[in-house]
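Text of data_0.cif, listed as mmCIF, C-alpha atoms:
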data_run
loop_
_atom_site.label_atom_id
_atom_site.label_comp_id
_atom_site.auth_asym_id
_atom_site.auth_seq_id
_atom_site.Cartn_x
_atom_site.Cartn_y
_atom_site.Cartn_z
CA MET A 1 3.36 -51.97 -23.58
CA ARG A 2 3.16 -52.11 -19.81
CA MET A 3 0.21 -50.97 -17.79
CA LYS A 4 0.65 -49.72 -14.24
CA LYS A 5 -0.13 -52.74 -12.14
CA PHE A 6 -2.67 -52.28 -9.36
CA ILE A 7 -2.28 -54.36 -6.24
CA ILE A 8 -5.68 -55.94 -5.86
CA VAL A 9 -7.26 -58.62 -3.81
CA ILE A 10 -9.79 -60.98 -5.34
CA LEU A 11 -12.90 -60.84 -3.21
CA ILE A 12 -13.05 -64.49 -2.25
CA PHE A 13 -13.04 -65.94 1.23
CA CYS A 14 -12.84 -69.53 2.41
CA ASN A 15 -14.93 -69.83 5.52
CA LEU A 16 -15.45 -72.80 7.79
CA PHE A 17 -18.38 -71.40 9.72
CA LEU A 18 -21.02 -71.85 7.03
CA SER A 19 -23.81 -72.73 9.39
CA ALA A 20 -23.58 -69.58 11.47
CA CYS A 21 -26.77 -67.64 12.00
CA PHE A 22 -28.84 -69.51 9.41
CA ASP A 23 -32.57 -69.76 9.84
CA SER A 24 -34.09 -72.63 7.85
CA SER A 25 -37.65 -71.28 8.06
CA ALA A 26 -38.79 -69.07 5.20
CA ASP A 27 -39.38 -65.37 5.81
CA ARG A 28 -42.85 -64.86 4.34
CA THR A 29 -42.41 -61.08 4.23
CA ILE A 30 -39.94 -61.44 1.33
CA ASP A 31 -41.71 -61.68 -2.03
CA MET A 32 -39.92 -64.45 -3.94
CA THR A 33 -42.51 -64.65 -6.73
CA PRO A 34 -40.61 -65.21 -10.02
CA ARG A 35 -40.86 -61.97 -11.97
CA LEU A 36 -38.85 -59.24 -13.64
CA ILE A 37 -38.23 -56.44 -11.15
CA LEU A 38 -38.88 -53.37 -13.28
CA ALA A 39 -36.94 -50.14 -13.07
CA GLN A 40 -38.49 -47.28 -11.12
CA ASP A 41 -37.33 -43.69 -10.88
CA GLY A 42 -37.35 -41.39 -7.86
CA LEU A 43 -36.89 -44.06 -5.19
CA LEU A 44 -35.06 -43.79 -1.91
CA ALA A 45 -32.25 -46.27 -1.31
CA THR A 46 -34.44 -48.08 1.22
CA ASP A 47 -37.15 -48.56 -1.42
CA VAL A 48 -34.61 -49.87 -3.93
CA VAL A 49 -33.33 -52.46 -1.45
CA GLU A 50 -36.86 -53.57 -0.64
CA ASN A 51 -37.60 -54.01 -4.35
CA VAL A 52 -34.45 -55.87 -5.41
CA LYS A 53 -33.37 -58.00 -2.44
CA GLY A 54 -35.32 -61.07 -3.57
CA ALA A 55 -33.05 -61.34 -6.63
CA VAL A 56 -29.80 -61.48 -4.62
CA VAL A 57 -28.28 -64.67 -3.23
CA GLY A 58 -25.38 -65.70 -1.04
CA ILE A 59 -23.22 -68.48 -2.46
CA ALA A 60 -21.15 -71.24 -0.85
CA ALA A 61 -19.07 -73.22 -3.35
CA PHE A 62 -17.50 -76.46 -2.10
CA SER A 63 -14.37 -77.97 -3.67
CA SER A 64 -11.50 -80.23 -2.66
CA GLY A 65 -9.54 -77.10 -1.78
CA GLY A 66 -12.13 -75.85 0.69
CA THR A 67 -15.17 -73.61 0.62
CA SER A 68 -15.53 -70.18 -0.93
CA VAL A 69 -18.19 -67.66 -0.02
CA GLY A 70 -19.54 -65.20 -2.55
CA SER A 71 -22.64 -63.52 -3.88
CA GLY A 72 -24.81 -63.60 -6.97
CA VAL A 73 -27.81 -62.02 -8.64
CA ALA A 74 -30.63 -63.50 -10.71
CA ILE A 75 -30.83 -62.00 -14.20
CA SER A 76 -33.34 -64.25 -15.94
CA ASN A 77 -36.42 -66.32 -15.34
CA GLY A 78 -35.57 -69.91 -14.45
CA GLY A 79 -33.15 -69.23 -11.60
CA TYR A 80 -30.16 -68.18 -13.72
CA VAL A 81 -27.70 -66.40 -11.41
CA LEU A 82 -24.70 -64.31 -12.47
CA THR A 83 -21.63 -64.38 -10.23
CA ASN A 84 -17.82 -64.35 -10.49
CA HIS A 85 -15.74 -67.13 -12.00
CA HIS A 86 -13.42 -67.16 -9.00
CA VAL A 87 -16.36 -67.83 -6.65
CA VAL A 88 -17.50 -71.10 -8.25
CA SER A 89 -14.47 -72.26 -10.23
CA GLY A 90 -13.65 -75.90 -9.48
CA ALA A 91 -16.67 -76.37 -7.22
CA ASN A 92 -18.01 -79.88 -6.69
CA SER A 93 -21.27 -78.54 -5.29
CA ILE A 94 -22.89 -75.14 -4.86
CA LEU A 95 -25.41 -73.87 -2.32
CA VAL A 96 -27.34 -70.64 -2.71
CA TYR A 97 -28.92 -68.71 0.17
CA TYR A 98 -32.07 -66.80 -0.72
CA ALA A 99 -33.35 -63.54 0.74
CA ASP A 100 -36.23 -65.36 2.45
CA LYS A 101 -33.72 -67.35 4.57
CA THR A 102 -34.16 -70.59 2.64
CA GLN A 103 -31.40 -72.35 0.78
CA GLY A 104 -30.99 -74.73 -2.14
CA THR A 105 -28.51 -76.24 -4.55
CA ALA A 106 -27.37 -74.71 -7.83
CA GLU A 107 -25.96 -76.17 -11.05
CA TYR A 108 -22.73 -74.85 -12.55
CA ILE A 109 -23.51 -73.75 -16.12
CA TRP A 110 -20.69 -71.60 -17.53
CA SER A 111 -17.71 -69.47 -16.55
CA ASP A 112 -14.80 -67.57 -18.09
CA SER A 113 -11.69 -66.72 -16.06
CA SER A 114 -10.65 -63.90 -18.43
CA LEU A 115 -13.94 -62.11 -17.72
CA ASP A 116 -14.24 -63.33 -14.10
CA LEU A 117 -17.89 -64.11 -14.79
CA ALA A 118 -19.91 -67.29 -14.25
CA ILE A 119 -23.52 -68.40 -14.50
CA ILE A 120 -25.15 -70.95 -12.21
CA LYS A 121 -28.75 -72.18 -12.21
CA ALA A 122 -30.53 -72.30 -8.87
CA GLU A 123 -33.04 -75.08 -8.30
CA LYS A 124 -35.59 -72.48 -7.24
CA ASN A 125 -37.00 -69.83 -9.54
CA MET A 126 -36.88 -66.31 -8.13
CA PRO A 127 -37.27 -62.62 -8.96
CA TYR A 128 -34.65 -61.23 -11.35
CA LEU A 129 -33.34 -57.78 -12.13
CA GLU A 130 -33.61 -55.61 -15.19
CA CYS A 131 -30.18 -54.86 -16.67
CA GLY A 132 -29.10 -51.29 -17.21
CA THR A 133 -26.06 -50.10 -19.13
CA SER A 134 -22.74 -48.81 -17.87
CA LYS A 135 -22.69 -46.23 -20.67
CA GLU A 136 -25.51 -44.36 -18.95
CA LEU A 137 -23.69 -44.16 -15.63
CA LYS A 138 -22.40 -40.80 -14.48
CA VAL A 139 -19.44 -40.22 -12.20
CA GLY A 140 -20.82 -39.14 -8.84
CA GLN A 141 -24.19 -40.91 -9.05
CA ASP A 142 -25.34 -43.12 -6.19
CA VAL A 143 -25.08 -46.90 -6.40
CA LEU A 144 -25.81 -49.78 -4.01
CA ALA A 145 -23.84 -52.99 -3.47
CA ILE A 146 -25.54 -56.05 -1.98
CA GLY A 147 -23.57 -59.13 -1.02
CA THR A 148 -22.08 -61.47 1.54
CA PRO A 149 -19.01 -59.80 3.06
CA LEU A 150 -16.66 -62.08 4.99
CA THR A 151 -19.07 -64.86 6.07
CA LEU A 152 -22.56 -66.16 5.42
CA GLN A 153 -23.54 -64.59 8.73
CA PHE A 154 -23.52 -61.25 6.88
CA LYS A 155 -25.35 -62.31 3.71
CA HIS A 156 -27.55 -59.67 2.04
CA THR A 157 -25.49 -56.81 3.48
CA VAL A 158 -26.21 -53.49 1.75
CA THR A 159 -23.68 -50.67 1.26
CA LYS A 160 -24.04 -47.39 -0.58
CA GLY A 161 -21.54 -45.29 -2.50
CA ILE A 162 -21.01 -43.35 -5.70
CA VAL A 163 -19.55 -44.12 -9.10
CA SER A 164 -15.96 -42.89 -8.72
CA ALA A 165 -14.75 -43.43 -12.29
CA LEU A 166 -15.56 -45.34 -15.46
CA ASN A 167 -13.61 -47.44 -17.97
CA ARG A 168 -10.86 -48.48 -15.58
CA THR A 169 -8.35 -51.13 -16.71
CA LEU A 170 -6.61 -53.36 -14.17
CA GLU A 171 -3.90 -55.97 -14.52
CA VAL A 172 -4.54 -58.99 -12.31
CA GLY A 173 -2.68 -62.22 -11.68
CA SER A 174 1.03 -62.95 -11.63
CA ILE A 175 3.62 -61.40 -13.93
CA SER A 176 3.92 -64.65 -15.89
CA ASP A 177 0.16 -65.17 -16.11
CA ALA A 178 -1.33 -61.69 -16.09
CA THR A 179 -4.72 -60.84 -17.49
CA TYR A 180 -6.55 -57.57 -17.86
CA LEU A 181 -10.03 -56.58 -16.78
CA GLN A 182 -11.17 -53.60 -18.84
CA ASN A 183 -13.97 -51.04 -18.87
CA LEU A 184 -14.51 -51.56 -15.14
CA ILE A 185 -16.77 -49.38 -13.00
CA GLN A 186 -14.87 -47.90 -10.05
CA HIS A 187 -17.02 -47.12 -7.02
CA ASP A 188 -16.67 -46.51 -3.28
CA ALA A 189 -19.52 -48.63 -1.91
CA SER A 190 -17.87 -50.76 0.76
CA ILE A 191 -17.10 -54.28 -0.47
CA ASN A 192 -15.13 -57.05 1.19
CA PRO A 193 -14.19 -60.69 0.58
CA GLY A 194 -17.50 -62.43 -0.08
CA ASN A 195 -19.02 -59.54 -2.04
CA SER A 196 -17.63 -61.13 -5.21
CA GLY A 197 -20.35 -61.74 -7.76
CA GLY A 198 -22.85 -59.50 -6.01
CA PRO A 199 -24.76 -56.78 -7.84
CA LEU A 200 -24.01 -53.10 -8.23
CA ILE A 201 -27.40 -51.42 -8.53
CA SER A 202 -28.46 -47.93 -9.57
CA LEU A 203 -31.22 -46.12 -7.71
CA ASP A 204 -33.74 -46.92 -10.45
CA CYS A 205 -33.43 -50.61 -9.48
CA LYS A 206 -31.33 -51.56 -12.52
CA LEU A 207 -28.40 -53.95 -12.39
CA VAL A 208 -25.37 -52.07 -13.75
CA GLY A 209 -22.41 -54.18 -12.66
CA ILE A 210 -21.04 -57.28 -10.93
CA ASN A 211 -18.61 -56.61 -8.11
CA THR A 212 -15.32 -58.38 -8.66
CA LEU A 213 -12.37 -56.90 -6.75
CA LYS A 214 -11.11 -54.10 -4.55
CA ALA A 215 -7.82 -52.28 -4.00
CA GLU A 216 -5.83 -53.97 -1.26
CA SER A 217 -3.74 -50.94 -0.34
CA GLY A 218 -6.53 -48.36 -0.12
CA GLU A 219 -10.05 -47.79 1.13
CA GLY A 220 -13.16 -47.06 -0.91
CA ILE A 221 -11.74 -48.34 -4.20
CA GLY A 222 -13.89 -51.16 -5.54
CA PHE A 223 -14.49 -52.36 -9.07
CA ALA A 224 -17.44 -53.89 -10.89
CA ILE A 225 -17.70 -55.58 -14.29
CA PRO A 226 -20.17 -53.75 -16.58
CA ILE A 227 -23.40 -55.72 -16.80
CA GLU A 228 -23.52 -55.59 -20.61
CA VAL A 229 -21.08 -58.51 -20.86
CA GLY A 230 -22.95 -60.72 -18.40
CA GLU A 231 -26.32 -59.88 -19.94
CA ALA A 232 -25.16 -60.81 -23.45
CA ILE A 233 -23.80 -64.15 -22.26
CA ALA A 234 -26.88 -64.89 -20.16
CA LYS A 235 -29.19 -64.36 -23.13
CA GLN A 236 -27.27 -66.95 -25.13
CA ILE A 237 -27.10 -69.46 -22.26
CA VAL A 238 -30.79 -69.15 -21.38
CA ALA A 239 -31.66 -69.70 -25.03
CA ASN A 240 -29.18 -72.52 -25.74
CA HIS A 241 -28.05 -73.76 -22.29
CA ASP A 242 -24.87 -75.21 -23.86
CA TYR A 243 -23.51 -72.04 -25.44
CA LEU A 244 -20.16 -72.03 -27.28
CA PRO A 245 -18.89 -68.43 -27.54
CA ALA A 246 -17.39 -67.17 -30.76
CA TYR A 247 -13.59 -66.96 -30.54
CA ILE A 248 -11.55 -64.92 -33.02
CA GLY A 249 -8.26 -64.78 -31.12
CA LEU A 250 -7.19 -61.20 -30.59
CA PHE A 251 -6.42 -59.17 -27.49
CA GLY A 252 -6.51 -55.41 -27.35
CA PHE A 253 -7.05 -52.24 -25.36
CA ASP A 254 -9.34 -49.30 -25.87
CA SER A 255 -7.58 -47.03 -28.33
CA SER A 256 -7.92 -44.19 -25.83
CA ILE A 257 -5.66 -46.17 -23.48
CA ALA A 258 -3.22 -47.15 -26.24
CA SER A 259 -2.97 -43.51 -27.32
CA PHE A 260 -1.91 -42.57 -23.78
CA TYR A 261 1.12 -44.84 -24.30
CA ASN A 262 1.75 -43.35 -27.76
CA GLU A 263 0.83 -46.59 -29.52
CA THR A 264 -1.79 -44.90 -31.71
CA THR A 265 -3.33 -41.51 -32.45
CA GLN A 266 -6.85 -42.97 -32.58
CA ASN A 267 -9.15 -42.30 -29.63
CA THR A 268 -11.90 -44.83 -30.45
CA GLY A 269 -11.85 -48.45 -31.45
CA VAL A 270 -9.86 -51.39 -30.07
CA PHE A 271 -6.09 -51.32 -30.50
CA VAL A 272 -4.88 -54.86 -31.25
CA VAL A 273 -1.98 -55.82 -28.96
CA THR A 274 -1.65 -59.51 -29.81
CA VAL A 275 -3.18 -61.98 -32.26
CA ASP A 276 -3.16 -65.63 -31.20
CA GLU A 277 -1.25 -67.99 -33.46
CA ASN A 278 -3.51 -70.11 -35.70
CA SER A 279 -6.57 -68.13 -34.57
CA PRO A 280 -9.31 -67.04 -36.98
CA ALA A 281 -8.05 -63.44 -36.72
CA ASN A 282 -4.48 -64.48 -37.52
CA LYS A 283 -5.56 -66.61 -40.48
CA ALA A 284 -7.66 -63.74 -41.82
CA GLY A 285 -4.70 -61.35 -41.68
CA LEU A 286 -5.25 -59.15 -38.62
CA GLN A 287 -2.06 -57.97 -36.95
CA LYS A 288 -0.71 -55.98 -34.02
CA GLY A 289 -1.45 -52.27 -34.34
CA ASP A 290 -4.72 -52.69 -36.21
CA ILE A 291 -7.67 -50.73 -34.81
CA VAL A 292 -10.94 -52.68 -34.72
CA ILE A 293 -13.76 -50.23 -35.50
CA GLY A 294 -16.61 -52.55 -36.50
CA VAL A 295 -17.98 -56.08 -36.33
CA GLY A 296 -20.77 -56.92 -38.76
CA ASN A 297 -22.97 -53.84 -38.84
CA LYS A 298 -22.04 -52.75 -35.29
CA GLN A 299 -19.64 -49.89 -34.56
CA ILE A 300 -16.86 -50.71 -32.09
CA GLU A 301 -15.55 -47.94 -29.83
CA THR A 302 -14.32 -49.90 -26.80
CA VAL A 303 -13.29 -53.40 -25.72
CA LEU A 304 -16.67 -53.63 -24.01
CA ASP A 305 -18.40 -53.02 -27.36
CA LEU A 306 -16.29 -55.76 -28.95
CA LYS A 307 -17.05 -58.30 -26.22
CA VAL A 308 -20.78 -57.63 -26.28
CA VAL A 309 -20.99 -57.89 -30.09
CA LEU A 310 -18.98 -61.13 -30.21
CA TYR A 311 -21.38 -62.74 -27.72
CA GLU A 312 -24.12 -62.29 -30.29
CA TYR A 313 -22.30 -64.88 -32.42
CA ASN A 314 -21.70 -68.60 -31.94
CA ALA A 315 -18.65 -70.73 -32.64
CA GLY A 316 -18.67 -71.51 -36.38
CA ASP A 317 -20.39 -68.27 -37.44
CA ARG A 318 -18.96 -66.12 -40.22
CA ILE A 319 -17.84 -62.73 -38.89
CA ASN A 320 -16.80 -59.57 -40.73
CA VAL A 321 -14.34 -57.39 -38.81
CA LYS A 322 -13.62 -53.83 -39.95
CA ILE A 323 -10.27 -52.28 -38.99
CA LEU A 324 -8.10 -49.24 -39.51
CA ARG A 325 -4.51 -49.91 -40.64
CA ASP A 326 -2.29 -46.93 -41.31
CA GLY A 327 -5.39 -44.80 -41.61
CA LYS A 328 -7.00 -47.05 -44.22
CA GLU A 329 -10.25 -48.96 -43.60
CA MET A 330 -10.11 -52.67 -44.32
CA THR A 331 -12.59 -55.53 -43.77
CA PHE A 332 -11.58 -59.11 -42.94
CA GLU A 333 -13.88 -62.11 -43.04
CA MET A 334 -13.28 -65.04 -40.69
CA ASN A 335 -14.96 -68.13 -39.29
CA ALA A 336 -15.28 -67.89 -35.51
CA SER A 337 -13.99 -70.98 -33.70
CA GLN A 338 -14.35 -72.48 -30.23
CA ARG A 339 -11.70 -71.44 -27.74
#
Please re-express this file's structure in C-alpha cells.
Amino acid sequence: MRMKKFIIVILIFCNLFLSACFDSSADRTIDMTPRLILAQDGLLATDVVENVKGAVVGIAAFSSGGTSVGSGVAISNGGYVLTNHHVVSGANSILVYYADKTQGTAEYIWSDSSLDLAIIKAEKNMPYLECGTSKELKVGQDVLAIGTPLTLQFKHTVTKGIVSALNRTLEVGSISDATYLQNLIQHDASINPGNSGGPLISLDCKLVGINTLKAESGEGIGFAIPIEVGEAIAKQIVANHDYLPAYIGLFGFDSSIASFYNETTQNTGVFVVTVDENSPANKAGLQKGDIVIGVGNKQIETVLDLKVVLYEYNAGDRINVKILRDGKEMTFEMNASQR
C-alpha cells in the first residue's frame, strides 16, 4: 500500500549567528513564576499571547555537525520542555532562551524519531501550559503558533491561523527509510525553519499541538503533532525520569485511511500493515490485516488512540490487545518489551 508522498521540509535550521540581538538582562515584565497556566475562554489573541509566552523557549542545540535552532514549550513543573526530535537529536549541549531574555542550559532526557518528539529539562523552572486535546479541535477555529523562525533573532515570534484539516498522514524521509507521521493537525499559521518544536495553541490558552513540518512546495500548509502523544510521554518521564516505553511491534494506519485504499471495510480501529519479526505482537499471533480495536479496557479508533494508550504501559507489562479478524473479535495477550 502506497501513500501519496508529500514533499515536506523539516523545520530545522543551522545558524551561525546565535548571538544576534540577545539581551542578557532579564525582562522583569515577564512573569516567569513556575505555575500551571490555566485555560481561559473568551480571550483575544493578544491576551492569549500575554498569558502563555512565559512557557515558550527558543532552543539552540550544538553538535559536531553544527548548530540547530528550534523551539519548545514547557508542559510540566520542573522545567520539562517538549520539542521535536530533529531539533535536539545528537546534541552535545543545549541552550534554551526564555521569554524574559535570559538563557540557560538544558538536559537531554528522551526522544523518538518515529514520533519526532523529544523532552529536555531546562535548568530553570518556568510556567507551563495546560494540554488540550486534538479531538476537540474544529476545522476553521483560530490557533496561534509561537516559535523561533529562521534565527534566534526572531525568537518568540507569534503567528495566527486556522485549523485547516485534521488527521492528516504524511510520509517523510527517503524511499528506503520512509516513516509516517499520522493524525497530524494541518493549519495555516505561518511557520518556518526554527519553528520546529514550538507550540500550537488554541484561544483558550491550551496547548493542542507541537509544530513539526511544513509543505515545501506551497504556502500556508503547516503540520503539528497532536499534544496527546507528548502529554502521555511527559507524564511517564516526569514520574520516572528514565522511562522505557512499551513496545509491541506493529505498524498500522487508521482504518479510515486503509479503507480508502480498499484494504478494509472498517472505518474505525487501526489496520495492521506490518508486524515486526520476533516482536511481542508477532509472538502473540497478530498479523497483517488485523484491525486493532482495543487495548486493555480502552477502545481504539485511531493510531493516535493506540499510541496514547501504549504510553500508559511500561516495558515488561502484560498487555491485552483486542482485534477484528475476518469480522471476528479476538483478544491476544502479550508481554511488552523494550524497543
Written as a PyMOL selection string, which residues does the PyMOL selection byres ((chain A and resi 56) around 12) give for the file shown? chain A and resi 30+32+37+49-55+57-59+70-75+79-83+96-101+122+126-129+145-148+155-158+195+197-201+207+210
Which value, in Å to one decimal, gives the distance between CA of Ser93 in chain A and CA of Ala315 in chain A?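 Rounded to one decimal, the two atoms are 28.6 Å apart.
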For Cys131 in chain A, the nearest of the candidates A:Ser164, A:Ala39, A:Val88, A:Ala215, counting only C-alpha atoms: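 Answer, going by the shortest atom-to-atom distance: A:Ala39.
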Residues matched by the PyMOL selection byres ((chain A and resi 220) around 7) as an mmCIF file with C-alpha atoms, in the coordinates of the input:
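For reference, selection_24.cif as written:
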data_model
loop_
_atom_site.group_PDB
_atom_site.id
_atom_site.type_symbol
_atom_site.label_atom_id
_atom_site.label_comp_id
_atom_site.auth_asym_id
_atom_site.auth_seq_id
_atom_site.Cartn_x
_atom_site.Cartn_y
_atom_site.Cartn_z
ATOM 1 C CA ASP A 188 -16.670 -46.510 -3.280
ATOM 2 C CA ALA A 189 -19.520 -48.630 -1.910
ATOM 3 C CA SER A 190 -17.870 -50.760 0.760
ATOM 4 C CA GLY A 218 -6.530 -48.360 -0.120
ATOM 5 C CA GLU A 219 -10.050 -47.790 1.130
ATOM 6 C CA ILE A 221 -11.740 -48.340 -4.200
ATOM 7 C CA GLY A 222 -13.890 -51.160 -5.540
#
Take the PyMOL selection byres ((chain A and resi 264) around 12), apply it to the structure above, and return the hits as number ranges by chain. A: 1, 253-263, 265-273, 288-291, 324-327
Can you fill out range 267-292 of chain A with N, CA and C atoms and hand it back as a JSON list (two decimals), in the coordinates of the input?
[["chain", "number", "residue", "atom", "x", "y", "z"],
["A", 267, "ASN", "N", -8.55, -42.37, -30.96],
["A", 267, "ASN", "CA", -9.15, -42.30, -29.63],
["A", 267, "ASN", "C", -10.34, -43.23, -29.45],
["A", 268, "THR", "N", -10.80, -43.85, -30.54],
["A", 268, "THR", "CA", -11.90, -44.83, -30.45],
["A", 268, "THR", "C", -11.49, -46.09, -31.19],
["A", 269, "GLY", "N", -12.19, -47.17, -30.88],
["A", 269, "GLY", "CA", -11.85, -48.45, -31.45],
["A", 269, "GLY", "C", -11.00, -49.27, -30.49],
["A", 270, "VAL", "N", -10.67, -50.49, -30.90],
["A", 270, "VAL", "CA", -9.86, -51.39, -30.07],
["A", 270, "VAL", "C", -8.50, -51.59, -30.72],
["A", 271, "PHE", "N", -7.47, -51.18, -30.03],
["A", 271, "PHE", "CA", -6.09, -51.32, -30.50],
["A", 271, "PHE", "C", -5.64, -52.76, -30.28],
["A", 272, "VAL", "N", -5.27, -53.46, -31.34],
["A", 272, "VAL", "CA", -4.88, -54.86, -31.25],
["A", 272, "VAL", "C", -3.45, -54.96, -30.72],
["A", 273, "VAL", "N", -3.30, -55.64, -29.58],
["A", 273, "VAL", "CA", -1.98, -55.82, -28.96],
["A", 273, "VAL", "C", -1.35, -57.14, -29.40],
["A", 274, "THR", "N", -2.14, -58.21, -29.38],
["A", 274, "THR", "CA", -1.65, -59.51, -29.81],
["A", 274, "THR", "C", -2.73, -60.24, -30.61],
["A", 275, "VAL", "N", -2.29, -61.10, -31.50],
["A", 275, "VAL", "CA", -3.18, -61.98, -32.26],
["A", 275, "VAL", "C", -2.69, -63.41, -32.03],
["A", 276, "ASP", "N", -3.55, -64.26, -31.51],
["A", 276, "ASP", "CA", -3.16, -65.63, -31.20],
["A", 276, "ASP", "C", -2.77, -66.39, -32.47],
["A", 277, "GLU", "N", -1.71, -67.18, -32.34],
["A", 277, "GLU", "CA", -1.25, -67.99, -33.46],
["A", 277, "GLU", "C", -2.33, -69.01, -33.85],
["A", 278, "ASN", "N", -2.53, -69.16, -35.14],
["A", 278, "ASN", "CA", -3.51, -70.11, -35.70],
["A", 278, "ASN", "C", -4.96, -69.77, -35.35],
["A", 279, "SER", "N", -5.20, -68.56, -34.88],
["A", 279, "SER", "CA", -6.57, -68.13, -34.57],
["A", 279, "SER", "C", -7.26, -67.67, -35.85],
["A", 280, "PRO", "N", -8.60, -67.57, -35.81],
["A", 280, "PRO", "CA", -9.31, -67.04, -36.98],
["A", 280, "PRO", "C", -8.82, -65.65, -37.38],
["A", 281, "ALA", "N", -8.53, -64.79, -36.41],
["A", 281, "ALA", "CA", -8.05, -63.44, -36.72],
["A", 281, "ALA", "C", -6.70, -63.48, -37.41],
["A", 282, "ASN", "N", -5.81, -64.36, -36.93],
["A", 282, "ASN", "CA", -4.48, -64.48, -37.52],
["A", 282, "ASN", "C", -4.57, -65.01, -38.95],
["A", 283, "LYS", "N", -5.40, -66.03, -39.15],
["A", 283, "LYS", "CA", -5.56, -66.61, -40.48],
["A", 283, "LYS", "C", -6.17, -65.62, -41.46],
["A", 284, "ALA", "N", -7.02, -64.72, -40.94],
["A", 284, "ALA", "CA", -7.66, -63.74, -41.82],
["A", 284, "ALA", "C", -6.72, -62.60, -42.18],
["A", 285, "GLY", "N", -5.67, -62.39, -41.35],
["A", 285, "GLY", "CA", -4.70, -61.35, -41.68],
["A", 285, "GLY", "C", -4.64, -60.19, -40.72],
["A", 286, "LEU", "N", -5.36, -60.23, -39.60],
["A", 286, "LEU", "CA", -5.25, -59.15, -38.62],
["A", 286, "LEU", "C", -3.87, -59.18, -37.96],
["A", 287, "GLN", "N", -3.39, -58.04, -37.54],
["A", 287, "GLN", "CA", -2.06, -57.97, -36.95],
["A", 287, "GLN", "C", -1.99, -56.89, -35.87],
["A", 288, "LYS", "N", -0.91, -56.95, -35.09],
["A", 288, "LYS", "CA", -0.71, -55.98, -34.02],
["A", 288, "LYS", "C", -0.71, -54.57, -34.60],
["A", 289, "GLY", "N", -1.38, -53.66, -33.90],
["A", 289, "GLY", "CA", -1.45, -52.27, -34.34],
["A", 289, "GLY", "C", -2.71, -51.93, -35.10],
["A", 290, "ASP", "N", -3.44, -52.96, -35.56],
["A", 290, "ASP", "CA", -4.72, -52.69, -36.21],
["A", 290, "ASP", "C", -5.69, -52.11, -35.19],
["A", 291, "ILE", "N", -6.63, -51.29, -35.66],
["A", 291, "ILE", "CA", -7.67, -50.73, -34.81],
["A", 291, "ILE", "C", -9.01, -51.30, -35.25],
["A", 292, "VAL", "N", -9.64, -52.11, -34.40],
["A", 292, "VAL", "CA", -10.94, -52.68, -34.72],
["A", 292, "VAL", "C", -12.00, -51.60, -34.52]]
